[in-house]
>>> print(open('work.tsv').read())   # TSV, C-alpha atoms and all ligand atoms
chain	number	residue	atom	x	y	z
A	886	MET	CA	-16.57	28.18	23.93
A	887	ASN	CA	-17.25	29.63	27.33
A	888	GLY	CA	-13.80	29.53	28.93
A	889	ILE	CA	-13.14	33.11	27.81
A	890	ASP	CA	-14.59	35.91	29.89
A	891	THR	CA	-16.00	38.29	27.27
A	892	ASP	CA	-16.02	41.20	29.70
A	893	LEU	CA	-12.36	40.61	30.52
A	894	HIS	CA	-11.63	40.31	26.81
A	895	ARG	CA	-13.31	43.66	26.09
A	896	LYS	CA	-11.49	45.36	28.99
A	897	ALA	CA	-8.11	43.99	27.90
A	898	TRP	CA	-8.63	45.30	24.37
A	899	LEU	CA	-9.73	48.72	25.61
A	900	GLN	CA	-6.82	48.90	28.04
A	901	ALA	CA	-4.32	48.01	25.33
A	902	LEU	CA	-5.86	50.43	22.85
A	903	ASN	CA	-6.00	53.31	25.31
A	904	SER	CA	-2.50	52.80	26.63
A	905	GLY	CA	-1.01	52.74	23.13
A	906	ASP	CA	0.93	49.81	24.47
A	907	THR	CA	2.77	47.71	21.93
A	908	ILE	CA	2.36	44.48	23.84
A	909	SER	CA	0.34	41.85	22.07
A	910	MET	CA	-3.35	42.55	22.47
A	911	SER	CA	-4.16	38.95	21.73
A	912	ALA	CA	-1.82	37.87	24.47
A	913	ALA	CA	-3.56	40.29	26.81
A	914	ALA	CA	-7.01	39.18	25.75
A	915	TYR	CA	-6.23	35.47	25.64
A	916	PRO	CA	-3.50	34.94	28.22
A	917	ASP	CA	-3.57	31.18	27.77
A	918	LEU	CA	-2.86	31.28	24.03
A	919	GLU	CA	0.72	30.92	22.90
A	920	ILE	CA	1.79	33.18	20.05
A	921	LEU	CA	3.48	31.47	17.12
A	922	TYR	CA	4.01	34.61	14.98
A	923	THR	CA	3.46	38.11	16.24
A	924	ARG	CA	1.77	40.80	14.18
A	925	GLN	CA	5.19	42.41	13.70
A	926	GLN	CA	6.67	39.20	12.31
A	927	ILE	CA	3.65	38.77	10.04
A	928	ALA	CA	3.89	42.37	8.81
A	929	GLU	CA	7.60	42.02	8.02
A	930	ARG	CA	7.08	38.81	6.13
A	931	VAL	CA	4.07	40.17	4.22
A	932	ALA	CA	6.16	43.19	3.18
A	933	GLU	CA	8.87	40.84	1.86
A	934	LEU	CA	6.33	38.77	-0.06
A	935	GLY	CA	4.77	41.95	-1.47
A	936	ALA	CA	8.16	43.13	-2.75
A	937	GLN	CA	8.86	39.74	-4.30
A	938	ILE	CA	5.45	39.61	-6.03
A	939	THR	CA	5.94	43.19	-7.31
A	940	ARG	CA	9.31	42.25	-8.81
A	941	ASP	CA	7.93	39.08	-10.42
A	942	LEU	CA	5.08	40.98	-12.09
A	943	ASN	CA	7.47	43.32	-13.83
A	944	GLY	CA	4.91	46.14	-14.10
A	945	GLU	CA	2.00	43.95	-15.24
A	946	LYS	CA	-1.48	43.96	-13.71
A	947	LEU	CA	-2.62	41.44	-11.13
A	948	VAL	CA	-5.86	39.77	-10.06
A	949	MET	CA	-5.69	38.68	-6.43
A	950	VAL	CA	-8.11	35.84	-5.67
A	951	GLY	CA	-8.76	35.28	-1.98
A	952	VAL	CA	-10.09	31.94	-0.76
A	953	LEU	CA	-12.74	32.76	1.83
A	954	LYS	CA	-12.87	33.11	4.67
A	955	GLY	CA	-9.46	32.60	6.21
A	956	ALA	CA	-7.46	34.46	3.56
A	957	ALA	CA	-9.25	37.79	4.06
A	958	PRO	CA	-6.75	39.44	6.47
A	959	PHE	CA	-3.73	38.17	4.52
A	960	LEU	CA	-5.18	39.36	1.22
A	961	ALA	CA	-5.95	42.78	2.71
A	962	ASP	CA	-2.39	43.20	3.96
A	963	LEU	CA	-0.69	41.63	0.95
A	964	ALA	CA	-2.70	43.83	-1.43
A	965	ARG	CA	-1.26	46.89	0.29
A	966	ALA	CA	2.26	45.46	0.17
A	967	VAL	CA	2.32	44.93	-3.59
A	968	GLN	CA	3.05	47.94	-5.75
A	969	VAL	CA	1.07	46.94	-8.80
A	970	ASP	CA	-2.25	47.70	-10.47
A	971	ALA	CA	-4.32	45.03	-8.70
A	972	THR	CA	-7.95	43.96	-8.48
A	973	PHE	CA	-9.59	41.53	-6.06
A	974	ASP	CA	-11.88	38.57	-6.49
A	975	PHE	CA	-12.96	35.89	-4.04
A	976	VAL	CA	-13.96	32.25	-4.11
A	977	ALA	CA	-15.32	30.02	-1.36
A	978	THR	CA	-15.11	26.25	-1.06
A	979	SER	CA	-16.29	23.63	1.36
A	980	SER	CA	-15.94	19.91	1.78
A	981	TYR	CA	-18.75	17.71	0.64
A	982	GLY	CA	-21.05	16.43	3.38
A	983	HIS	CA	-19.77	16.24	6.90
A	984	GLY	CA	-16.52	14.51	6.10
A	985	SER	CA	-13.15	16.14	6.39
A	986	ARG	CA	-11.51	17.78	3.39
A	987	SER	CA	-9.05	14.89	3.31
A	988	SER	CA	-11.85	12.82	1.77
A	989	GLY	CA	-10.78	14.70	-1.36
A	990	ALA	CA	-14.13	16.19	-2.29
A	991	VAL	CA	-14.30	19.96	-2.58
A	992	LYS	CA	-17.40	21.94	-3.47
A	993	LEU	CA	-17.27	25.45	-4.91
A	994	ILE	CA	-19.77	27.58	-3.05
A	995	LYS	CA	-18.76	30.94	-4.50
A	996	ASP	CA	-17.22	31.31	-7.95
A	997	LEU	CA	-15.12	34.14	-9.38
A	998	ASP	CA	-17.07	37.26	-10.30
A	999	GLN	CA	-14.89	38.18	-13.29
A	1000	PRO	CA	-13.25	36.06	-16.03
A	1001	ILE	CA	-9.49	35.53	-15.59
A	1002	GLU	CA	-8.56	34.61	-19.15
A	1003	GLY	CA	-5.25	36.21	-20.11
A	1004	LYS	CA	-4.76	37.70	-16.62
A	1005	ASN	CA	-1.98	37.35	-14.06
A	1006	VAL	CA	-3.74	35.57	-11.20
A	1007	LEU	CA	-2.47	35.22	-7.66
A	1008	VAL	CA	-4.45	32.82	-5.48
A	1009	VAL	CA	-4.17	33.95	-1.87
A	1010	GLU	CA	-4.56	31.42	0.95
A	1011	ASP	CA	-4.08	31.65	4.68
A	1012	ILE	CA	-2.93	28.06	5.04
A	1013	LEU	CA	-1.97	25.23	2.72
A	1014	ASP	CA	-2.50	21.86	4.32
A	1015	THR	CA	-3.34	18.72	2.31
A	1016	GLY	CA	-3.39	20.77	-0.90
A	1017	ILE	CA	-6.78	19.39	-1.86
A	1018	THR	CA	-8.45	22.81	-1.97
A	1019	LEU	CA	-5.73	24.40	-4.08
A	1020	ALA	CA	-5.46	21.40	-6.41
A	1021	TYR	CA	-9.18	21.75	-7.06
A	1022	LEU	CA	-8.99	25.52	-7.55
A	1023	ARG	CA	-5.88	25.33	-9.72
A	1024	LYS	CA	-7.60	22.89	-12.09
A	1025	LEU	CA	-10.71	25.07	-12.17
A	1026	PHE	CA	-8.79	28.30	-12.82
A	1027	LEU	CA	-6.49	26.81	-15.45
A	1028	GLN	CA	-9.56	25.92	-17.52
A	1029	GLN	CA	-10.02	29.69	-17.98
A	1030	ARG	CA	-6.50	30.08	-19.44
A	1031	PRO	CA	-5.02	32.82	-17.26
A	1032	LYS	CA	-1.72	34.29	-18.44
A	1033	THR	CA	-0.07	33.22	-15.19
A	1034	LEU	CA	-1.41	31.41	-12.13
A	1035	ARG	CA	0.58	31.72	-8.93
A	1036	ILE	CA	-0.15	30.78	-5.35
A	1037	ALA	CA	0.62	32.75	-2.19
A	1038	THR	CA	0.02	31.14	1.17
A	1039	LEU	CA	0.85	32.69	4.49
A	1040	LEU	CA	1.37	29.33	6.17
A	1041	ASP	CA	2.41	26.05	4.64
A	1042	LYS	CA	2.26	22.62	6.27
A	1043	PRO	CA	4.27	20.53	3.77
A	1044	SER	CA	4.16	17.42	5.98
A	1045	ARG	CA	0.38	17.22	5.49
A	1046	ARG	CA	0.37	17.26	1.71
A	1047	ILE	CA	-1.82	14.80	-0.19
A	1048	GLU	CA	-2.04	16.68	-3.51
A	1049	GLU	CA	1.15	17.99	-5.06
A	1050	ILE	CA	1.05	21.76	-4.75
A	1051	LYS	CA	4.16	23.94	-4.70
A	1052	PRO	CA	3.21	27.46	-3.68
A	1053	ASP	CA	5.11	30.32	-5.33
A	1054	TYR	CA	5.12	32.48	-2.19
A	1055	VAL	CA	5.15	31.13	1.38
A	1056	GLY	CA	5.07	33.27	4.50
A	1057	PHE	CA	6.09	30.61	6.99
A	1058	SER	CA	6.52	26.87	6.70
A	1059	ILE	CA	5.30	25.14	9.85
A	1060	PRO	CA	4.90	21.64	11.30
A	1061	ASN	CA	1.47	20.18	11.86
A	1062	LEU	CA	0.21	22.60	14.51
A	1063	PHE	CA	-3.33	23.81	15.08
A	1064	VAL	CA	-3.10	27.53	14.42
A	1065	ILE	CA	-5.65	30.27	14.90
A	1066	GLY	CA	-5.75	34.02	14.40
A	1067	TYR	CA	-5.05	36.36	11.47
A	1068	GLY	CA	-7.96	34.80	9.58
A	1069	MET	CA	-7.68	31.26	10.89
A	1070	ASP	CA	-10.44	29.90	13.07
A	1071	TYR	CA	-11.48	27.33	15.58
A	1072	ALA	CA	-15.23	26.79	15.11
A	1073	GLU	CA	-15.36	30.20	13.35
A	1074	ARG	CA	-13.80	32.04	16.32
A	1075	TYR	CA	-10.42	33.75	16.71
A	1076	ARG	CA	-10.16	34.92	13.10
A	1077	ASN	CA	-9.72	38.48	14.36
A	1078	LEU	CA	-6.68	37.81	16.54
A	1079	PRO	CA	-3.90	40.00	15.12
A	1080	ASP	CA	-1.22	37.42	15.94
A	1081	ILE	CA	-1.05	33.79	14.83
A	1082	CYS	CA	-1.53	31.67	17.93
A	1083	LEU	CA	-1.43	28.01	18.82
A	1084	MET	CA	-4.59	26.24	19.86
A	1085	THR	CA	-3.41	23.76	22.43
A	1086	PRO	CA	-5.39	20.55	22.95
A	1087	ASP	CA	-6.15	21.51	26.55
A	1088	HIS	CA	-7.42	25.00	25.69
A	1089	PRO	CA	-10.75	25.55	27.50
A	1090	GLU	CA	-13.77	25.79	25.20
B	1101	LIG	C1	-8.64	26.24	5.10
B	1101	LIG	C2	-7.71	27.13	4.30
B	1101	LIG	C3	-7.71	26.48	2.95
B	1101	LIG	C4	-7.90	25.02	3.28
B	1101	LIG	C5	-6.58	24.34	3.19
B	1101	LIG	O1	-9.94	26.63	4.85
B	1101	LIG	O2	-8.16	28.46	4.24
B	1101	LIG	O3	-8.75	26.96	2.12
B	1101	LIG	O4	-8.40	24.93	4.62
B	1101	LIG	O5	-6.73	22.99	3.46
B	1101	LIG	P1	-6.29	21.86	2.42
B	1101	LIG	O6	-4.93	22.24	1.88
B	1101	LIG	O7	-6.23	20.63	3.29
B	1101	LIG	O8	-7.33	21.77	1.37
B	1101	LIG	P2	-11.16	26.18	5.76
B	1101	LIG	O9	-11.85	25.01	5.17
B	1101	LIG	O10	-10.71	26.03	7.17
B	1101	LIG	O11	-12.17	27.41	5.59
B	1101	LIG	P3	-12.01	28.92	6.10
B	1101	LIG	O12	-10.96	29.58	5.23
B	1101	LIG	O13	-13.35	29.51	5.90
B	1101	LIG	O14	-11.58	28.87	7.55
>>> encode(input="work.tsv", output="structure tokens")
Amino acid sequence: MNGIDTDLHRKAWLQALNSGDTISMSAAAYPDLEILYTRQQIAERVAELGAQITRDLNGEKLVMVGVLKGAAPFLADLARAVQVDATFDFVATSSYGHGSRSSGAVKLIKDLDQPIEGKNVLVVEDILDTGITLAYLRKLFLQQRPKTLRIATLLDKPSRRIEEIKPDYVGFSIPNLFVIGYGMDYAERYRNLPDICLMTPDHPE
């Protein structure tokens, strides 16, 4: 996309950092992006989810499994919000061929590093959409007989569901909007926006 002036972007970030200003840096850097959830709202919700997960574990250990790449920022923040003995692992999936994920075919491109048998596993996702990815992962992980298998997703789009998946922890339930930031991308960009923003159809590329 070339509608964003990279020099202006860099200056806006530096200005915001140097001023110690609490205004949204993403809003400053991308003035034409509308914020759906600010970093403060995300942090508050992540803290609530962390407390809930801590309570549910009742002092037991946890394996947090992030689904790359989008879940990375959420996993990093959620991991610091849970007060449990936790380890991390990561998986990566992609759709087969060039079709969309709604074709139903998911390919595992990075498997777990460690076995999860007998462990409390929390799958961490940035967004749950059709449910096809998580249905695939759930089936795969259950074959390893974890003690518990729970799902945490920062965003949930229940209206888009094809596979039946009921997440245990949901940050925000949203309608079918195109969201970017806080891990979520448009053509691999915008994952580093600290706020969750809306990608409008007329946004310049
Ligand atoms: C997103 C998201 C989930 C998946 C959800 O990943 O992180 O893994 O889509 O969609 P579904 O419920 O319809 O299966 P994406 O393929 O965009 O990869 P990324 O995390 O690398 O951005």
>>> residues_near_ligand(input="work.tsv", ligand="ligand LIG 1101 (chain B)", cutoff="9 Å", atoms="all atoms listed in the file", output="number ranges by chain")
A: 952-957, 977-980, 985-987, 989, 991, 1010-1021, 1041-1042, 1045-1048, 1050, 1068-1073, 1076
>>> write_last_selection(input="work.tsv", atoms="C-alpha atoms", output="compact mmCIF listing (two decimals), in the frame of the given file")
# COMPACT_ATOMS: atom_id res chain seq x y z
CA VAL A 952 -10.09 31.94 -0.76
CA LEU A 953 -12.74 32.76 1.83
CA LYS A 954 -12.87 33.11 4.67
CA GLY A 955 -9.46 32.60 6.21
CA ALA A 956 -7.46 34.46 3.56
CA ALA A 957 -9.25 37.79 4.06
CA ALA A 977 -15.32 30.02 -1.36
CA THR A 978 -15.11 26.25 -1.06
CA SER A 979 -16.29 23.63 1.36
CA SER A 980 -15.94 19.91 1.78
CA SER A 985 -13.15 16.14 6.39
CA ARG A 986 -11.51 17.78 3.39
CA SER A 987 -9.05 14.89 3.31
CA GLY A 989 -10.78 14.70 -1.36
CA VAL A 991 -14.30 19.96 -2.58
CA GLU A 1010 -4.56 31.42 0.95
CA ASP A 1011 -4.08 31.65 4.68
CA ILE A 1012 -2.93 28.06 5.04
CA LEU A 1013 -1.97 25.23 2.72
CA ASP A 1014 -2.50 21.86 4.32
CA THR A 1015 -3.34 18.72 2.31
CA GLY A 1016 -3.39 20.77 -0.90
CA ILE A 1017 -6.78 19.39 -1.86
CA THR A 1018 -8.45 22.81 -1.97
CA LEU A 1019 -5.73 24.40 -4.08
CA ALA A 1020 -5.46 21.40 -6.41
CA TYR A 1021 -9.18 21.75 -7.06
CA ASP A 1041 2.41 26.05 4.64
CA LYS A 1042 2.26 22.62 6.27
CA ARG A 1045 0.38 17.22 5.49
CA ARG A 1046 0.37 17.26 1.71
CA ILE A 1047 -1.82 14.80 -0.19
CA GLU A 1048 -2.04 16.68 -3.51
CA ILE A 1050 1.05 21.76 -4.75
CA GLY A 1068 -7.96 34.80 9.58
CA MET A 1069 -7.68 31.26 10.89
CA ASP A 1070 -10.44 29.90 13.07
CA TYR A 1071 -11.48 27.33 15.58
CA ALA A 1072 -15.23 26.79 15.11
CA GLU A 1073 -15.36 30.20 13.35
CA ARG A 1076 -10.16 34.92 13.10
>>> closest_residue(input="work.tsv", among="A:Thr972, A:Phe959, A:Leu993, A:Leu947", to="Lys1032 (chain A)", atoms="all atoms listed in the file")
A:Leu947
>>> closest_residue(input="work.tsv", among="A:Asn1005, A:Thr1038, A:Asn1061, A:Thr1085", to="Ala971 (chain A)", atoms="only C-alpha atoms")
A:Asn1005
>>> atom_distance(input="work.tsv", atom1="CA of Gly1056 (chain A)", atom2="CA of Leu1078 (chain A)")
17.4 Å
>>> closest_residue(input="work.tsv", among="A:Val967, A:Lys995, A:Leu921, A:Ala928", to="Ile1059 (chain A)", atoms="only C-alpha atoms")
A:Leu921
>>> atom_distance(input="work.tsv", atom1="CA of Leu1062 (chain A)", atom2="CA of Asp917 (chain A)")
16.2 Å
>>> atom_distance(input="work.tsv", atom1="CA of Arg940 (chain A)", atom2="CA of Leu963 (chain A)")
14.0 Å
>>> residues_near_point(input="work.tsv", point="(-2.4, 30.4, -14.0)", cutoff="10 Å", atoms="all atoms listed in the file", output="list in words")
Ile1001, Glu1002, Gly1003, Lys1004, Asn1005, Val1006, Leu1007, Val1008, Arg1023, Lys1024, Phe1026, Leu1027, Gln1028, Gln1029, Arg1030, Pro1031, Lys1032, Thr1033, Leu1034, Arg1035 and Ile1036 of chain A
>>> write_last_selection(input="work.tsv", atoms="C-alpha atoms", output="CSV table (one decimal), in the coordinates of the input")
chain,number,residue,atom,x,y,z
A,1001,ILE,CA,-9.5,35.5,-15.6
A,1002,GLU,CA,-8.6,34.6,-19.2
A,1003,GLY,CA,-5.2,36.2,-20.1
A,1004,LYS,CA,-4.8,37.7,-16.6
A,1005,ASN,CA,-2.0,37.4,-14.1
A,1006,VAL,CA,-3.7,35.6,-11.2
A,1007,LEU,CA,-2.5,35.2,-7.7
A,1008,VAL,CA,-4.4,32.8,-5.5
A,1023,ARG,CA,-5.9,25.3,-9.7
A,1024,LYS,CA,-7.6,22.9,-12.1
A,1026,PHE,CA,-8.8,28.3,-12.8
A,1027,LEU,CA,-6.5,26.8,-15.4
A,1028,GLN,CA,-9.6,25.9,-17.5
A,1029,GLN,CA,-10.0,29.7,-18.0
A,1030,ARG,CA,-6.5,30.1,-19.4
A,1031,PRO,CA,-5.0,32.8,-17.3
A,1032,LYS,CA,-1.7,34.3,-18.4
A,1033,THR,CA,-0.1,33.2,-15.2
A,1034,LEU,CA,-1.4,31.4,-12.1
A,1035,ARG,CA,0.6,31.7,-8.9
A,1036,ILE,CA,-0.2,30.8,-5.4
>>> residues_around(input="work.tsv", residues="region 942-945 of chain A", least_positions_apart="4", cutoff="8 Å", atoms="only C-alpha atoms", output="PDB file with C-alpha atoms, in the frame of the given file")
ATOM      1  CA  ILE A 938       5.450  39.610  -6.030  1.00  0.00           C
ATOM      2  CA  VAL A 969       1.070  46.940  -8.800  1.00  0.00           C
ATOM      3  CA  ASP A 970      -2.250  47.700 -10.470  1.00  0.00           C
ATOM      4  CA  ASN A1005      -1.980  37.350 -14.060  1.00  0.00           C
TER       5      ASN A1005
END
>>> residues_around(input="work.tsv", residues="Asp974 (chain A)", least_positions_apart="4", cutoff="9 Å", atoms="only C-alpha atoms", output="PDB file with C-alpha atoms, in the coordinates of the input")
ATOM      1  CA  VAL A 948      -5.860  39.770 -10.060  1.00  0.00           C
ATOM      2  CA  MET A 949      -5.690  38.680  -6.430  1.00  0.00           C
ATOM      3  CA  VAL A 950      -8.110  35.840  -5.670  1.00  0.00           C
ATOM      4  CA  GLY A 951      -8.760  35.280  -1.980  1.00  0.00           C
ATOM      5  CA  VAL A 952     -10.090  31.940  -0.760  1.00  0.00           C
ATOM      6  CA  LEU A 997     -15.120  34.140  -9.380  1.00  0.00           C
ATOM      7  CA  ASP A 998     -17.070  37.260 -10.300  1.00  0.00           C
ATOM      8  CA  GLN A 999     -14.890  38.180 -13.290  1.00  0.00           C
TER       9      GLN A 999
END
>>> closest_residue(input="work.tsv", among="A:Leu1025, A:Ala966, A:Leu1083, A:Val1064", to="Thr939 (chain A)", atoms="all atoms listed in the file")
A:Ala966
>>> closest_residue(input="work.tsv", among="A:Asp962, A:Asp996, A:Asp941, A:Glu933", to="Phe1057 (chain A)", atoms="only C-alpha atoms")
A:Glu933
>>> closest_residue(input="work.tsv", among="A:Tyr915, A:Phe975, A:Pro1060, A:Val1055", to="Pro1043 (chain A)", atoms="all atoms listed in the file")
A:Pro1060
>>> axis_aligned_box(input="work.tsv", around="region 1025-1030 of chain A", padding_each_side="5 Å", output="JSON")
{"center_x": -8.6, "center_y": 27.6, "center_z": -15.8, "size_x": 14.2, "size_y": 15.0, "size_z": 17.3}
